[in-house]
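Working notes, beginning with the structure itself.
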Amino acid sequence: MSNFISNRYRNLKVYEAGEQLGKGYIKLNANESPFPPSPKIAEVLMEQMIDDMRFYGDISFSKLRQKIAERFGLTMKNVAIGNGADDILDLIFRTFFDEGDQIAFPSITYPFYRTYGQSFALYYHEVPVGDDLKIDVEDYISLPYAVVIVNPNAPSGHYLPVKDIERLVKSDLNRLVIIDEAYIDYGGISVAPLVKKYNNLLVVQTFSKSRNLAGARIGFVLGDASLIHDLNGVRGTTNPFAMSMIQEKIACASLDDEEYFVNCVQELIATRSYFTKELRRTGYTVLDSLTNFVLIQPRYVTAKELYEGLKEQKILTRFYKMPRIEQYLRISIGTKEDMDKVLATILQIDVHQPKCIKI
Ligand SMILES: *Cc1c(COP(=O)(O)O)cnc(C)c1O
């Protein structure tokens with residue numbers, strides 16, 4: 001660290017992503033999709049792409065914003081795009097919060113919110129989650145500052161219905177509510193239509209999970225035209241070309257291939273149900289999840305031991321050494337074949353260890 005680093009960043013904890021150990025592993029530690037991106041993407045990338053790259057693209061990204069707007073029954077003025085949802089979240093924090101402002105989010109959630117809180121020098125309140133890591137919107141309704149909720153939440157998988165979020169949004173129209181819907185396509189209902197009714201709601205989504213495009217870095221946010229105007233304005237002062245024209249083309253091609261998207265999501269949901277049912281049948285606690293991952297609690301070994309045992313067998317999962325969730329292992333849902341292998345391996349590792357009795 002140099003002496004020049006800003007005070008805000010001096011004590012920063014860098015986000016730890018899931019390990020990337022390369023080929024040979026079944027990789028179920030970063031909530032990536034087990035399916036390849038839409039085959040339609042290869043077609044548009046070949047076409048004209050290389051020559052076009054000499055030019056700056058369309059600074060308003062109108063083609064992509066239009067397509068996203070149509071999908072949600074909104075207009076382009078309700079959509080801002082970014083280099084992944086993380087970039088969008090950074091833009092939101094930069095645009096709407098001043099140093100010393102207060103925000104609230106659940107104590108168990110996407111760890112980046114703590115990081116954003118620190119890097120923008122905010123006071124952040126971590127509202128404790130309830131039994132089974134559930135979020136109760138009642139806990140947020142009387143808070144006089146901005147609220148961020150991941151819905152369904154990560155890494156718990158817990159989902160709040162639209163009516164709960166609407167209750168929170170309308171309980172104080174002077175409070176900004178940010179809903180991160182990174183996993184909404186896996187069985188939840190988006191609150192996106194509410195942005196037509198309320199001008200204090202932002203809804204963030206990503207192409208990284210349900211559109212199998214984590215490496216392409218494509219995210220977007222929906223909101224009232226006034227909020228989106230602010231976001232695009234701030235973007236214009238720092239980095240007006242929020243994504244490359246390659247990303248925009250990829251995103252449009254993915255949206256054009258609805259059938260492939262629906263099939264991938266349905267297959268993932270079916271595999272999640274199967275995996276959950278099989279584990280519960282053999283006595284495991286599995287938290288209900290409307291995402292592409294589940295939290296499971298081992299029977300005999302600790303979650304850390306199960307994590308290590310699986311890693312030895314070339315299966316990567318996610319263990320959090322943190323109060324409230326260290327008894328669980330987070331396993332992203334892969335293909336049915338992957339999950340059969342995971343099930344068999346778990347049952348081999350997680351066996352009753354008879355205690356030695358001294359005679
Ligand atoms: C994956 C994820 C993101 C980041 O998505 P990117 O588009 O890959 O930056 C944001 N929020 C949550 C809750 C996520 O799980």
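Scheme for the structure tokens: letters A, B, ... for chains in order shown; per-chain residue numbers from 1; ligand numbers from 1 in order shown.
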
Quiz item: If you count only C-alpha atoms, which residues fall within 6 Å of Val294 in chain A, apart from same-chain ones fewer than 3 positions away, as a list in words?
Solution: Ser289, Arg330 and Ile331 of chain A

Export N, CA and C atoms of the chosen residues as a tab-separated table (two decimals), in the first residue's frame?
chain	number	residue	atom	x	y	z
A	289	SER	N	-34.68	-22.51	-1.49
A	289	SER	CA	-33.96	-21.54	-2.31
A	289	SER	C	-34.66	-21.31	-3.65
A	330	ARG	N	-22.46	-23.76	0.83
A	330	ARG	CA	-23.24	-23.28	-0.32
A	330	ARG	C	-22.80	-24.03	-1.57
A	331	ILE	N	-23.75	-24.63	-2.22
A	331	ILE	CA	-23.45	-25.41	-3.43
A	331	ILE	C	-24.25	-24.84	-4.59

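Shell of Asp132 in chain A at 10 Å, with only C-alpha atoms counted and residues fewer than 5 places along the chain excluded, is Ser156, His158, Val286, Leu287, Asp288, Arg324 and Ile325 of chain A.
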
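With distances restricted to only C-alpha atoms, A:Asn29 is the closest residue to Tyr307 in chain A from A:Asn29, A:Ser273, A:Gln20, A:Val150.
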
Quiz prompt | Residue nearest Val44 in chain A - candidates A:Met245, A:Ile357, A:Ala17, A:Leu295, atoms counted: only C-alpha atoms | solution = A:Met245

Quiz item: Counting only C-alpha atoms and all ligand atoms, which protein, DNA or RNA residues come within 6 Å of ligand 1, given as an MDAnalysis selection string?
Solution: chainID A and resid 84:86 110 150 154 180 182 206 208 214 217:219

Output file for the residues above (N, CA and C atoms, as a PDB file, in the first residue's frame):
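Heads up, here's the output in again.pdb:
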ATOM      1  N   GLY A  84     -21.684  -5.260 -15.869  1.00  0.00           N
ATOM      2  CA  GLY A  84     -22.024  -6.186 -14.781  1.00  0.00           C
ATOM      3  C   GLY A  84     -22.829  -5.462 -13.707  1.00  0.00           C
ATOM      4  N   ALA A  85     -23.530  -6.241 -12.890  1.00  0.00           N
ATOM      5  CA  ALA A  85     -24.342  -5.631 -11.826  1.00  0.00           C
ATOM      6  C   ALA A  85     -23.458  -4.926 -10.797  1.00  0.00           C
ATOM      7  N   ASP A  86     -22.243  -5.422 -10.577  1.00  0.00           N
ATOM      8  CA  ASP A  86     -21.358  -4.775  -9.605  1.00  0.00           C
ATOM      9  C   ASP A  86     -21.031  -3.347 -10.026  1.00  0.00           C
ATOM     10  N   TYR A 110     -25.129 -10.433   0.214  1.00  0.00           N
ATOM     11  CA  TYR A 110     -24.020 -10.291  -0.723  1.00  0.00           C
ATOM     12  C   TYR A 110     -22.931  -9.419  -0.085  1.00  0.00           C
ATOM     13  N   VAL A 150     -31.147  -8.005  -1.332  1.00  0.00           N
ATOM     14  CA  VAL A 150     -30.968  -8.929  -2.450  1.00  0.00           C
ATOM     15  C   VAL A 150     -32.161  -9.877  -2.413  1.00  0.00           C
ATOM     16  N   ALA A 154     -28.790 -13.759  -1.135  1.00  0.00           N
ATOM     17  CA  ALA A 154     -27.612 -14.625  -1.233  1.00  0.00           C
ATOM     18  C   ALA A 154     -26.815 -14.427   0.046  1.00  0.00           C
ATOM     19  N   ASP A 180     -31.714  -5.923  -5.379  1.00  0.00           N
ATOM     20  CA  ASP A 180     -30.762  -6.610  -6.247  1.00  0.00           C
ATOM     21  C   ASP A 180     -31.375  -7.960  -6.620  1.00  0.00           C
ATOM     22  N   ALA A 182     -30.322 -10.370  -8.730  1.00  0.00           N
ATOM     23  CA  ALA A 182     -29.360 -11.177  -9.492  1.00  0.00           C
ATOM     24  C   ALA A 182     -29.888 -12.592  -9.775  1.00  0.00           C
ATOM     25  N   THR A 206     -28.737  -8.870 -13.637  1.00  0.00           N
ATOM     26  CA  THR A 206     -27.479  -9.207 -14.308  1.00  0.00           C
ATOM     27  C   THR A 206     -27.674 -10.315 -15.339  1.00  0.00           C
ATOM     28  N   SER A 208     -25.203 -12.378 -15.677  1.00  0.00           N
ATOM     29  CA  SER A 208     -24.154 -13.315 -15.257  1.00  0.00           C
ATOM     30  C   SER A 208     -24.681 -14.685 -14.858  1.00  0.00           C
ATOM     31  N   ALA A 214     -21.469 -14.807 -17.158  1.00  0.00           N
ATOM     32  CA  ALA A 214     -20.709 -14.140 -16.096  1.00  0.00           C
ATOM     33  C   ALA A 214     -19.460 -13.445 -16.640  1.00  0.00           C
ATOM     34  N   ARG A 217     -19.798  -9.724 -18.498  1.00  0.00           N
ATOM     35  CA  ARG A 217     -19.979  -8.516 -17.671  1.00  0.00           C
ATOM     36  C   ARG A 217     -21.097  -7.624 -18.203  1.00  0.00           C
ATOM     37  N   ILE A 218     -22.325  -8.025 -17.989  1.00  0.00           N
ATOM     38  CA  ILE A 218     -23.470  -7.227 -18.443  1.00  0.00           C
ATOM     39  C   ILE A 218     -24.495  -7.144 -17.302  1.00  0.00           C
ATOM     40  N   GLY A 219     -24.828  -5.918 -16.910  1.00  0.00           N
ATOM     41  CA  GLY A 219     -25.835  -5.728 -15.870  1.00  0.00           C
ATOM     42  C   GLY A 219     -26.691  -4.527 -16.226  1.00  0.00           C
TER      43      GLY A 219
END

Quiz prompt | alpha helix (DSSP H) per DSSP on the backbone: members of range 76-298 of chain A, as a VMD selection string | solution = chain A and resid 85 to 96 112 to 119 138 to 141 162 to 171 225 to 238 245 to 256 258 to 281
